[in-house]
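Have a look at the structure below, then the notes.
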Amino acid sequence: MAGFRIGRGRDNRTSQQQQPQQAPPPPYRGGGGRAAPPHAQQQQPPQWPQAGGGHQQQQPQGPYGEPEYFGDPYQQQPPHGDPYANTPGHTQAFSINEDPYGNGATYRAGASTAAPTGPRLHWKQLLNGIVLRPGPTFWQMRDYPVWGPALIVTFLYGLLALFGFDKAREETINATISTAIPYVLTTAVAFVIGGLILGAVTHTLARQLGGDGAWQPTVGLSMLIMSITDAPRLVFALFLGGENSLVQVLGWATWLAAGALFTSMVSKSHDLPWPKALGASAIQLIALLSIIKLGTI
């Protein structure tokens, strides 16, 4: 019996040695009151969800097991919208047609014009403004048609322009009244039509160069500029003749003044820089120089 008990004791010791060790406790899952083991905290770094819901790669860890972002990742999120928008490590997504900075107005040539800067000028103020203060006048009248002053002034200018040419003046003076009156009226109408055509050409070129002005103010103002700038030359040409040296000098000076006024008008009416405004007025300036100033056509 003693041997049998000794044998049982030896067998018991062997069975105790061969008994498997107890499994370690499960890792901390955040549901109990027991603190997580230190090795579990080191092996399970926190992962931050993305705004789009996809999987995010692990970021470099800081000294406290947090991603190395600027700012506090535990700050309070806005109550509505994307809870992760504009937080460290996340960006806010916008749609293609959404403007996050408001409805700011952007200038687009040819799309819209600026609001008028003042009321419509009276015809006396308009004519004086073209000579004395052209820039503010053109800017104020850029959206107002000026057909009345333009047609009347150009028609009166055409009545007198015929006498600025030596040969035409002699033929008109030597002709009878019944012949001279239709001749003068026809010339005046021709100047009005020519002013309309040249103004339309200037407007078309300005729009092709990126301008956004309306055609009625551009054509009307161009007719006024054509008539007013040639008035000093025409006054001396009525008495001295078109071939006089003083008349020729005045012709070149007034032509340069017309170029400056055309450039200013197109620049203000169409919101163009002065090189493009001068280019838009080039055809009209060349036509005025050839037909009126030099009389070569």
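Letters A, B, ... mark the chains of the structure tokens in the order given; residue numbers begin at 1 per chain; ligand numbers begin at 1, in order shown.
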If we count only C-alpha atoms, what is near segment 256-262 of chain A at a cut-off of 8 Å, once residues fewer than 5 positions away on the same chain are taken out, given as a ChimeraX atom specification? /A:134,222,225-226,229,277-278,281,285
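We find atom CA of Ser245 of chain A and atom CA of Lys167 of chain A to be spaced 16.9 Å apart.
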What are the DSSP alpha helix (DSSP H) residues of segment 208-237 of chain A, as a compact mmCIF listing (two decimals) with N, CA and C atoms, in the first residue's frame?
# COMPACT_ATOMS: atom_id res chain seq x y z
N GLN A 208 -14.39 92.41 -80.12
CA GLN A 208 -13.50 91.30 -80.46
C GLN A 208 -12.22 91.30 -79.63
N TRP A 215 -23.30 99.02 -77.86
CA TRP A 215 -22.96 99.59 -79.16
C TRP A 215 -23.54 100.99 -79.34
N GLN A 216 -24.68 101.30 -78.73
CA GLN A 216 -25.28 102.62 -78.95
C GLN A 216 -24.43 103.75 -78.37
N PRO A 217 -24.00 103.68 -77.10
CA PRO A 217 -23.12 104.75 -76.61
C PRO A 217 -21.81 104.85 -77.39
N THR A 218 -21.25 103.71 -77.79
CA THR A 218 -19.97 103.74 -78.50
C THR A 218 -20.10 104.43 -79.85
N VAL A 219 -21.12 104.10 -80.61
CA VAL A 219 -21.31 104.71 -81.92
C VAL A 219 -21.63 106.19 -81.79
N GLY A 220 -22.53 106.53 -80.87
CA GLY A 220 -22.90 107.93 -80.71
C GLY A 220 -21.73 108.80 -80.26
N LEU A 221 -20.97 108.34 -79.29
CA LEU A 221 -19.82 109.11 -78.82
C LEU A 221 -18.73 109.22 -79.88
N SER A 222 -18.55 108.18 -80.67
CA SER A 222 -17.55 108.26 -81.73
C SER A 222 -17.94 109.29 -82.79
N MET A 223 -19.23 109.42 -83.09
CA MET A 223 -19.67 110.44 -84.03
C MET A 223 -19.43 111.85 -83.48
N LEU A 224 -19.68 112.03 -82.18
CA LEU A 224 -19.43 113.33 -81.58
C LEU A 224 -17.94 113.66 -81.57
N ILE A 225 -17.10 112.67 -81.27
CA ILE A 225 -15.65 112.92 -81.27
C ILE A 225 -15.18 113.29 -82.68
N MET A 226 -15.66 112.60 -83.69
CA MET A 226 -15.27 112.89 -85.07
C MET A 226 -15.63 114.31 -85.46
N SER A 227 -16.81 114.78 -85.08
CA SER A 227 -17.27 116.10 -85.49
C SER A 227 -16.62 117.22 -84.68
N ILE A 228 -16.52 117.01 -83.35
CA ILE A 228 -16.02 118.09 -82.49
C ILE A 228 -14.53 118.32 -82.72
N THR A 229 -13.75 117.27 -82.85
CA THR A 229 -12.30 117.44 -82.99
C THR A 229 -11.90 118.09 -84.32
N ALA A 231 -13.64 120.45 -85.80
CA ALA A 231 -14.23 121.78 -85.91
C ALA A 231 -13.18 122.88 -86.03
N PRO A 232 -12.09 122.89 -85.24
CA PRO A 232 -11.10 123.98 -85.42
C PRO A 232 -10.49 124.01 -86.82
N ARG A 233 -10.15 122.88 -87.38
CA ARG A 233 -9.60 122.85 -88.73
C ARG A 233 -10.62 123.34 -89.75
N LEU A 234 -11.87 122.95 -89.56
CA LEU A 234 -12.90 123.32 -90.52
C LEU A 234 -13.16 124.82 -90.52
N VAL A 235 -13.08 125.48 -89.35
CA VAL A 235 -13.31 126.92 -89.28
C VAL A 235 -12.28 127.68 -90.10
N PHE A 236 -11.01 127.32 -89.99
CA PHE A 236 -9.97 127.99 -90.77
C PHE A 236 -10.02 127.58 -92.24
N ALA A 237 -10.44 126.34 -92.51
CA ALA A 237 -10.51 125.89 -93.90
C ALA A 237 -11.60 126.60 -94.67
Hey, what's within 12 Å of Ala168 of chain A if we count only C-alpha atoms and toss same-chain stuff fewer than 3 positions away? As a PDB file with N, CA, C and O atoms, in the first residue's frame, please?
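File around-v8.pdb, as written:
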ATOM      1  N   LEU A 160     -21.105 121.817 -93.259  1.00  0.00           N
ATOM      2  CA  LEU A 160     -19.965 122.717 -93.421  1.00  0.00           C
ATOM      3  C   LEU A 160     -18.711 122.013 -93.927  1.00  0.00           C
ATOM      4  O   LEU A 160     -17.802 122.680 -94.445  1.00  0.00           O
ATOM      5  N   ALA A 161     -18.650 120.708 -93.752  1.00  0.00           N
ATOM      6  CA  ALA A 161     -17.441 119.986 -94.147  1.00  0.00           C
ATOM      7  C   ALA A 161     -17.198 120.069 -95.645  1.00  0.00           C
ATOM      8  O   ALA A 161     -16.047 119.999 -96.099  1.00  0.00           O
ATOM      9  N   LEU A 162     -18.269 120.233 -96.434  1.00  0.00           N
ATOM     10  CA  LEU A 162     -18.097 120.321 -97.880  1.00  0.00           C
ATOM     11  C   LEU A 162     -17.272 121.532 -98.274  1.00  0.00           C
ATOM     12  O   LEU A 162     -16.498 121.481 -99.249  1.00  0.00           O
ATOM     13  N   PHE A 163     -17.386 122.620 -97.511  1.00  0.00           N
ATOM     14  CA  PHE A 163     -16.649 123.845 -97.837  1.00  0.00           C
ATOM     15  C   PHE A 163     -15.196 123.779 -97.372  1.00  0.00           C
ATOM     16  O   PHE A 163     -14.434 124.720 -97.615  1.00  0.00           O
ATOM     17  N   GLY A 164     -14.810 122.722 -96.712  1.00  0.00           N
ATOM     18  CA  GLY A 164     -13.421 122.567 -96.327  1.00  0.00           C
ATOM     19  C   GLY A 164     -12.537 122.033 -97.434  1.00  0.00           C
ATOM     20  O   GLY A 164     -11.310 122.063 -97.312  1.00  0.00           O
ATOM     21  N   PHE A 165     -13.143 121.536 -98.496  1.00  0.00           N
ATOM     22  CA  PHE A 165     -12.395 121.047 -99.656  1.00  0.00           C
ATOM     23  C   PHE A 165     -12.438 122.133-100.740  1.00  0.00           C
ATOM     24  O   PHE A 165     -13.513 122.636-101.101  1.00  0.00           O
ATOM     25  N   GLU A 171     -17.111 124.568-106.632  1.00  0.00           N
ATOM     26  CA  GLU A 171     -18.246 124.076-107.401  1.00  0.00           C
ATOM     27  C   GLU A 171     -19.569 124.437-106.724  1.00  0.00           C
ATOM     28  O   GLU A 171     -20.555 124.769-107.394  1.00  0.00           O
ATOM     29  N   THR A 172     -19.600 124.389-105.416  1.00  0.00           N
ATOM     30  CA  THR A 172     -20.840 124.705-104.698  1.00  0.00           C
ATOM     31  C   THR A 172     -21.161 126.193-104.774  1.00  0.00           C
ATOM     32  O   THR A 172     -22.329 126.597-104.939  1.00  0.00           O
ATOM     33  N   ILE A 173     -20.131 127.049-104.666  1.00  0.00           N
ATOM     34  CA  ILE A 173     -20.354 128.488-104.708  1.00  0.00           C
ATOM     35  C   ILE A 173     -20.798 128.926-106.096  1.00  0.00           C
ATOM     36  O   ILE A 173     -21.696 129.778-106.253  1.00  0.00           O
ATOM     37  N   ASN A 174     -20.217 128.344-107.135  1.00  0.00           N
ATOM     38  CA  ASN A 174     -20.545 128.728-108.512  1.00  0.00           C
ATOM     39  C   ASN A 174     -21.856 128.115-108.989  1.00  0.00           C
ATOM     40  O   ASN A 174     -22.389 128.541-110.020  1.00  0.00           O
ATOM     41  N   ALA A 175     -22.377 127.130-108.282  1.00  0.00           N
ATOM     42  CA  ALA A 175     -23.619 126.483-108.706  1.00  0.00           C
ATOM     43  C   ALA A 175     -24.809 127.319-108.258  1.00  0.00           C
ATOM     44  O   ALA A 175     -24.713 128.190-107.385  1.00  0.00           O
ATOM     45  N   ALA A 180     -27.093 123.675-105.427  1.00  0.00           N
ATOM     46  CA  ALA A 180     -26.173 123.631-104.289  1.00  0.00           C
ATOM     47  C   ALA A 180     -26.825 123.037-103.052  1.00  0.00           C
ATOM     48  O   ALA A 180     -26.189 122.290-102.295  1.00  0.00           O
ATOM     49  N   TYR A 183     -26.933 119.308-103.041  1.00  0.00           N
ATOM     50  CA  TYR A 183     -25.563 118.830-102.952  1.00  0.00           C
ATOM     51  C   TYR A 183     -25.063 118.888-101.518  1.00  0.00           C
ATOM     52  O   TYR A 183     -24.448 117.945-101.004  1.00  0.00           O
ATOM     53  N   VAL A 184     -25.358 120.001-100.824  1.00  0.00           N
ATOM     54  CA  VAL A 184     -24.914 120.153 -99.432  1.00  0.00           C
ATOM     55  C   VAL A 184     -25.642 119.181 -98.518  1.00  0.00           C
ATOM     56  O   VAL A 184     -25.042 118.557 -97.618  1.00  0.00           O
ATOM     57  N   THR A 187     -24.315 115.689 -98.913  1.00  0.00           N
ATOM     58  CA  THR A 187     -23.022 115.529 -98.241  1.00  0.00           C
ATOM     59  C   THR A 187     -23.201 115.378 -96.733  1.00  0.00           C
ATOM     60  O   THR A 187     -22.524 114.566 -96.094  1.00  0.00           O
ATOM     61  N   LEU A 238     -12.652 127.080 -94.010  1.00  0.00           N
ATOM     62  CA  LEU A 238     -13.715 127.807 -94.704  1.00  0.00           C
ATOM     63  C   LEU A 238     -13.213 129.119 -95.297  1.00  0.00           C
ATOM     64  O   LEU A 238     -13.711 129.584 -96.334  1.00  0.00           O
ATOM     65  N   GLY A 241      -8.947 127.835 -97.009  1.00  0.00           N
ATOM     66  CA  GLY A 241      -8.851 126.713 -97.936  1.00  0.00           C
ATOM     67  C   GLY A 241      -8.191 125.499 -97.281  1.00  0.00           C
ATOM     68  O   GLY A 241      -7.406 125.616 -96.326  1.00  0.00           O
ATOM     69  N   GLY A 242      -8.486 124.367 -97.810  1.00  0.00           N
ATOM     70  CA  GLY A 242      -7.971 123.130 -97.228  1.00  0.00           C
ATOM     71  C   GLY A 242      -6.499 122.904 -97.461  1.00  0.00           C
ATOM     72  O   GLY A 242      -5.867 122.122 -96.724  1.00  0.00           O
ATOM     73  N   GLY A 295      -7.831 114.566 -97.392  1.00  0.00           N
ATOM     74  CA  GLY A 295      -8.639 114.679 -98.598  1.00  0.00           C
ATOM     75  C   GLY A 295      -8.123 113.877 -99.757  1.00  0.00           C
ATOM     76  O   GLY A 295      -8.294 114.249-100.928  1.00  0.00           O
TER      77      GLY A 295
END
Could you tell me how far atom CA of Met265 of chain A lies from atom CA of Leu246 of chain A, in Å and to one decimal?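 Between atom CA of Met265 of chain A and atom CA of Leu246 of chain A the gap works out to 28.1 Å.
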Restricting the calculation to only C-alpha atoms, which member of A:Lys124, A:Asp166, A:Gly148, A:Ala214 is positioned closest to Gly199 of chain A?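 Ranking A:Lys124, A:Asp166, A:Gly148, A:Ala214 by distance to Gly199 of chain A, first place goes to A:Ala214.
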